[in-house]
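Some notes on the structure that comes next.
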Amino acid sequence: FVFNMDQQTPEKKFVLAMEGPFDAMALDGVAVLSNECSEVQADIIDSLGREVIVVPDFDVKIVKGRKVWAGEKLVDQAIEYGWSVSFPVWRDQAKDASEAVKKFGRLFTLKTVLEGKQSSRLKIELYKKKIHS
């Protein structure tokens, strides 16, 4: 199951793939309802025939003295599936897209998600390292 697929109308140019349903509703994207995307969910999302931009959650926890970022799993899968990943400017001030919409508004959040899009595997890996540091 992929949440919010019914809102993905043919005139849309891309699909925003997120973890939670509130994030998906906030930006008219889809949600995989976890920090991991199954192959079946990836096939469903790819069936839309558009560019996929993953917007992971950005909450980081300290576990045994080490930073743990749950969104990293979804980012790794995005690389595997050939999808883009967004690292928006608000990632240090909001843990996810729905919180960013509450703080900054829908238009700003969507604009920065698109501006923060990375398609290069190398750039995505560099952003991942930045989050862990």
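Chain labels follow the order of the structure tokens: the first chain is A, the next B, and so on; residue numbering restarts at 1 in every chain, and ligands are counted from 1 in their shown order.
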
Who sits within 12 Å of Val113 (chain A), only C-alpha atoms, same chain under 4 positions skipped, as a PDB file with N, CA and C atoms, in the first residue's frame:
```pdb
ATOM      1  N   PHE A  14       6.103  15.476 -11.066  1.00  0.00           N
ATOM      2  CA  PHE A  14       6.948  14.645 -10.213  1.00  0.00           C
ATOM      3  C   PHE A  14       6.095  14.116  -9.071  1.00  0.00           C
ATOM      4  N   VAL A  15       6.652  13.165  -8.339  1.00  0.00           N
ATOM      5  CA  VAL A  15       5.967  12.631  -7.166  1.00  0.00           C
ATOM      6  C   VAL A  15       6.920  12.732  -5.973  1.00  0.00           C
ATOM      7  N   LEU A  16       6.422  13.298  -4.894  1.00  0.00           N
ATOM      8  CA  LEU A  16       7.196  13.397  -3.659  1.00  0.00           C
ATOM      9  C   LEU A  16       6.885  12.169  -2.819  1.00  0.00           C
ATOM     10  N   ALA A  17       7.910  11.389  -2.520  1.00  0.00           N
ATOM     11  CA  ALA A  17       7.749  10.172  -1.710  1.00  0.00           C
ATOM     12  C   ALA A  17       8.270  10.448  -0.309  1.00  0.00           C
ATOM     13  N   MET A  18       7.413  10.247   0.679  1.00  0.00           N
ATOM     14  CA  MET A  18       7.755  10.549   2.067  1.00  0.00           C
ATOM     15  C   MET A  18       7.434   9.370   2.970  1.00  0.00           C
ATOM     16  N   LEU A  27       2.090  18.086   1.329  1.00  0.00           N
ATOM     17  CA  LEU A  27       2.685  18.495   0.049  1.00  0.00           C
ATOM     18  C   LEU A  27       2.140  17.721  -1.146  1.00  0.00           C
ATOM     19  N   GLY A  29       2.056  14.594  -1.734  1.00  0.00           N
ATOM     20  CA  GLY A  29       2.940  13.517  -2.152  1.00  0.00           C
ATOM     21  C   GLY A  29       2.343  12.171  -1.795  1.00  0.00           C
ATOM     22  N   ILE A  53      10.949  12.099  -6.110  1.00  0.00           N
ATOM     23  CA  ILE A  53      11.823  12.841  -5.204  1.00  0.00           C
ATOM     24  C   ILE A  53      11.494  12.403  -3.779  1.00  0.00           C
ATOM     25  N   VAL A  54      12.446  11.757  -3.141  1.00  0.00           N
ATOM     26  CA  VAL A  54      12.254  11.303  -1.763  1.00  0.00           C
ATOM     27  C   VAL A  54      12.528  12.467  -0.817  1.00  0.00           C
ATOM     28  N   VAL A  55      11.608  12.680   0.117  1.00  0.00           N
ATOM     29  CA  VAL A  55      11.777  13.692   1.163  1.00  0.00           C
ATOM     30  C   VAL A  55      11.763  12.940   2.495  1.00  0.00           C
ATOM     31  N   PRO A  56      12.937  12.541   2.982  1.00  0.00           N
ATOM     32  CA  PRO A  56      12.980  11.741   4.216  1.00  0.00           C
ATOM     33  C   PRO A  56      12.711  12.602   5.445  1.00  0.00           C
ATOM     34  N   SER A  84      15.579  10.641  -6.980  1.00  0.00           N
ATOM     35  CA  SER A  84      16.251  11.805  -6.411  1.00  0.00           C
ATOM     36  C   SER A  84      15.919  11.880  -4.921  1.00  0.00           C
ATOM     37  N   VAL A  85      16.709  12.647  -4.179  1.00  0.00           N
ATOM     38  CA  VAL A  85      16.477  12.864  -2.751  1.00  0.00           C
ATOM     39  C   VAL A  85      16.585  14.358  -2.495  1.00  0.00           C
ATOM     40  N   SER A  86      15.677  14.887  -1.668  1.00  0.00           N
ATOM     41  CA  SER A  86      15.720  16.306  -1.334  1.00  0.00           C
ATOM     42  C   SER A  86      16.314  16.504   0.057  1.00  0.00           C
ATOM     43  N   PHE A  87      17.221  17.474   0.133  1.00  0.00           N
ATOM     44  CA  PHE A  87      17.810  17.909   1.400  1.00  0.00           C
ATOM     45  C   PHE A  87      17.509  19.404   1.532  1.00  0.00           C
ATOM     46  N   PRO A  88      16.269  19.755   1.895  1.00  0.00           N
ATOM     47  CA  PRO A  88      15.864  21.168   1.934  1.00  0.00           C
ATOM     48  C   PRO A  88      16.563  21.956   3.039  1.00  0.00           C
ATOM     49  N   VAL A  89      16.590  23.272   2.883  1.00  0.00           N
ATOM     50  CA  VAL A  89      17.297  24.141   3.836  1.00  0.00           C
ATOM     51  C   VAL A  89      16.719  24.056   5.249  1.00  0.00           C
ATOM     52  N   TRP A  90      15.478  23.671   5.397  1.00  0.00           N
ATOM     53  CA  TRP A  90      14.841  23.608   6.720  1.00  0.00           C
ATOM     54  C   TRP A  90      15.118  22.311   7.470  1.00  0.00           C
ATOM     55  N   ARG A  91      15.942  21.437   6.942  1.00  0.00           N
ATOM     56  CA  ARG A  91      16.139  20.111   7.551  1.00  0.00           C
ATOM     57  C   ARG A  91      16.684  20.168   8.976  1.00  0.00           C
ATOM     58  N   ASP A  96      10.383  16.937   9.644  1.00  0.00           N
ATOM     59  CA  ASP A  96       9.772  16.375   8.442  1.00  0.00           C
ATOM     60  C   ASP A  96       8.982  17.443   7.697  1.00  0.00           C
ATOM     61  N   ALA A  97       8.408  17.060   6.577  1.00  0.00           N
ATOM     62  CA  ALA A  97       7.703  18.015   5.721  1.00  0.00           C
ATOM     63  C   ALA A  97       6.482  18.624   6.390  1.00  0.00           C
ATOM     64  N   ALA A 100       7.602  21.282   8.717  1.00  0.00           N
ATOM     65  CA  ALA A 100       8.099  22.429   7.946  1.00  0.00           C
ATOM     66  C   ALA A 100       6.937  23.268   7.420  1.00  0.00           C
ATOM     67  N   VAL A 101       5.874  22.616   6.964  1.00  0.00           N
ATOM     68  CA  VAL A 101       4.700  23.347   6.482  1.00  0.00           C
ATOM     69  C   VAL A 101       4.083  24.158   7.618  1.00  0.00           C
ATOM     70  N   ARG A 106       3.260  26.182   3.284  1.00  0.00           N
ATOM     71  CA  ARG A 106       3.296  25.153   2.245  1.00  0.00           C
ATOM     72  C   ARG A 106       4.141  25.561   1.040  1.00  0.00           C
ATOM     73  N   LEU A 107       3.975  26.795   0.575  1.00  0.00           N
ATOM     74  CA  LEU A 107       4.687  27.233  -0.627  1.00  0.00           C
ATOM     75  C   LEU A 107       6.202  27.241  -0.423  1.00  0.00           C
ATOM     76  N   PHE A 108       6.661  27.812   0.699  1.00  0.00           N
ATOM     77  CA  PHE A 108       8.094  27.844   0.986  1.00  0.00           C
ATOM     78  C   PHE A 108       8.646  26.425   1.124  1.00  0.00           C
ATOM     79  N   THR A 109       7.917  25.581   1.827  1.00  0.00           N
ATOM     80  CA  THR A 109       8.367  24.198   2.028  1.00  0.00           C
ATOM     81  C   THR A 109       8.504  23.477   0.693  1.00  0.00           C
ATOM     82  N   LYS A 117      16.696  19.288  -4.149  1.00  0.00           N
ATOM     83  CA  LYS A 117      16.727  17.984  -4.817  1.00  0.00           C
ATOM     84  C   LYS A 117      18.128  17.660  -5.326  1.00  0.00           C
ATOM     85  N   GLN A 118      18.558  16.443  -5.032  1.00  0.00           N
ATOM     86  CA  GLN A 118      19.842  15.941  -5.519  1.00  0.00           C
ATOM     87  C   GLN A 118      19.593  14.640  -6.274  1.00  0.00           C
TER      88      GLN A 118
END
```

Pro21 (chain A) proximity check over A:Tyr127, A:Ile45, A:Ser98, A:Leu114, using only C-alpha atoms: winner is A:Ser98

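Rounded to one decimal, CA of Met25 (chain A) and CA of Ile79 (chain A) lie 24.0 Å from each other.
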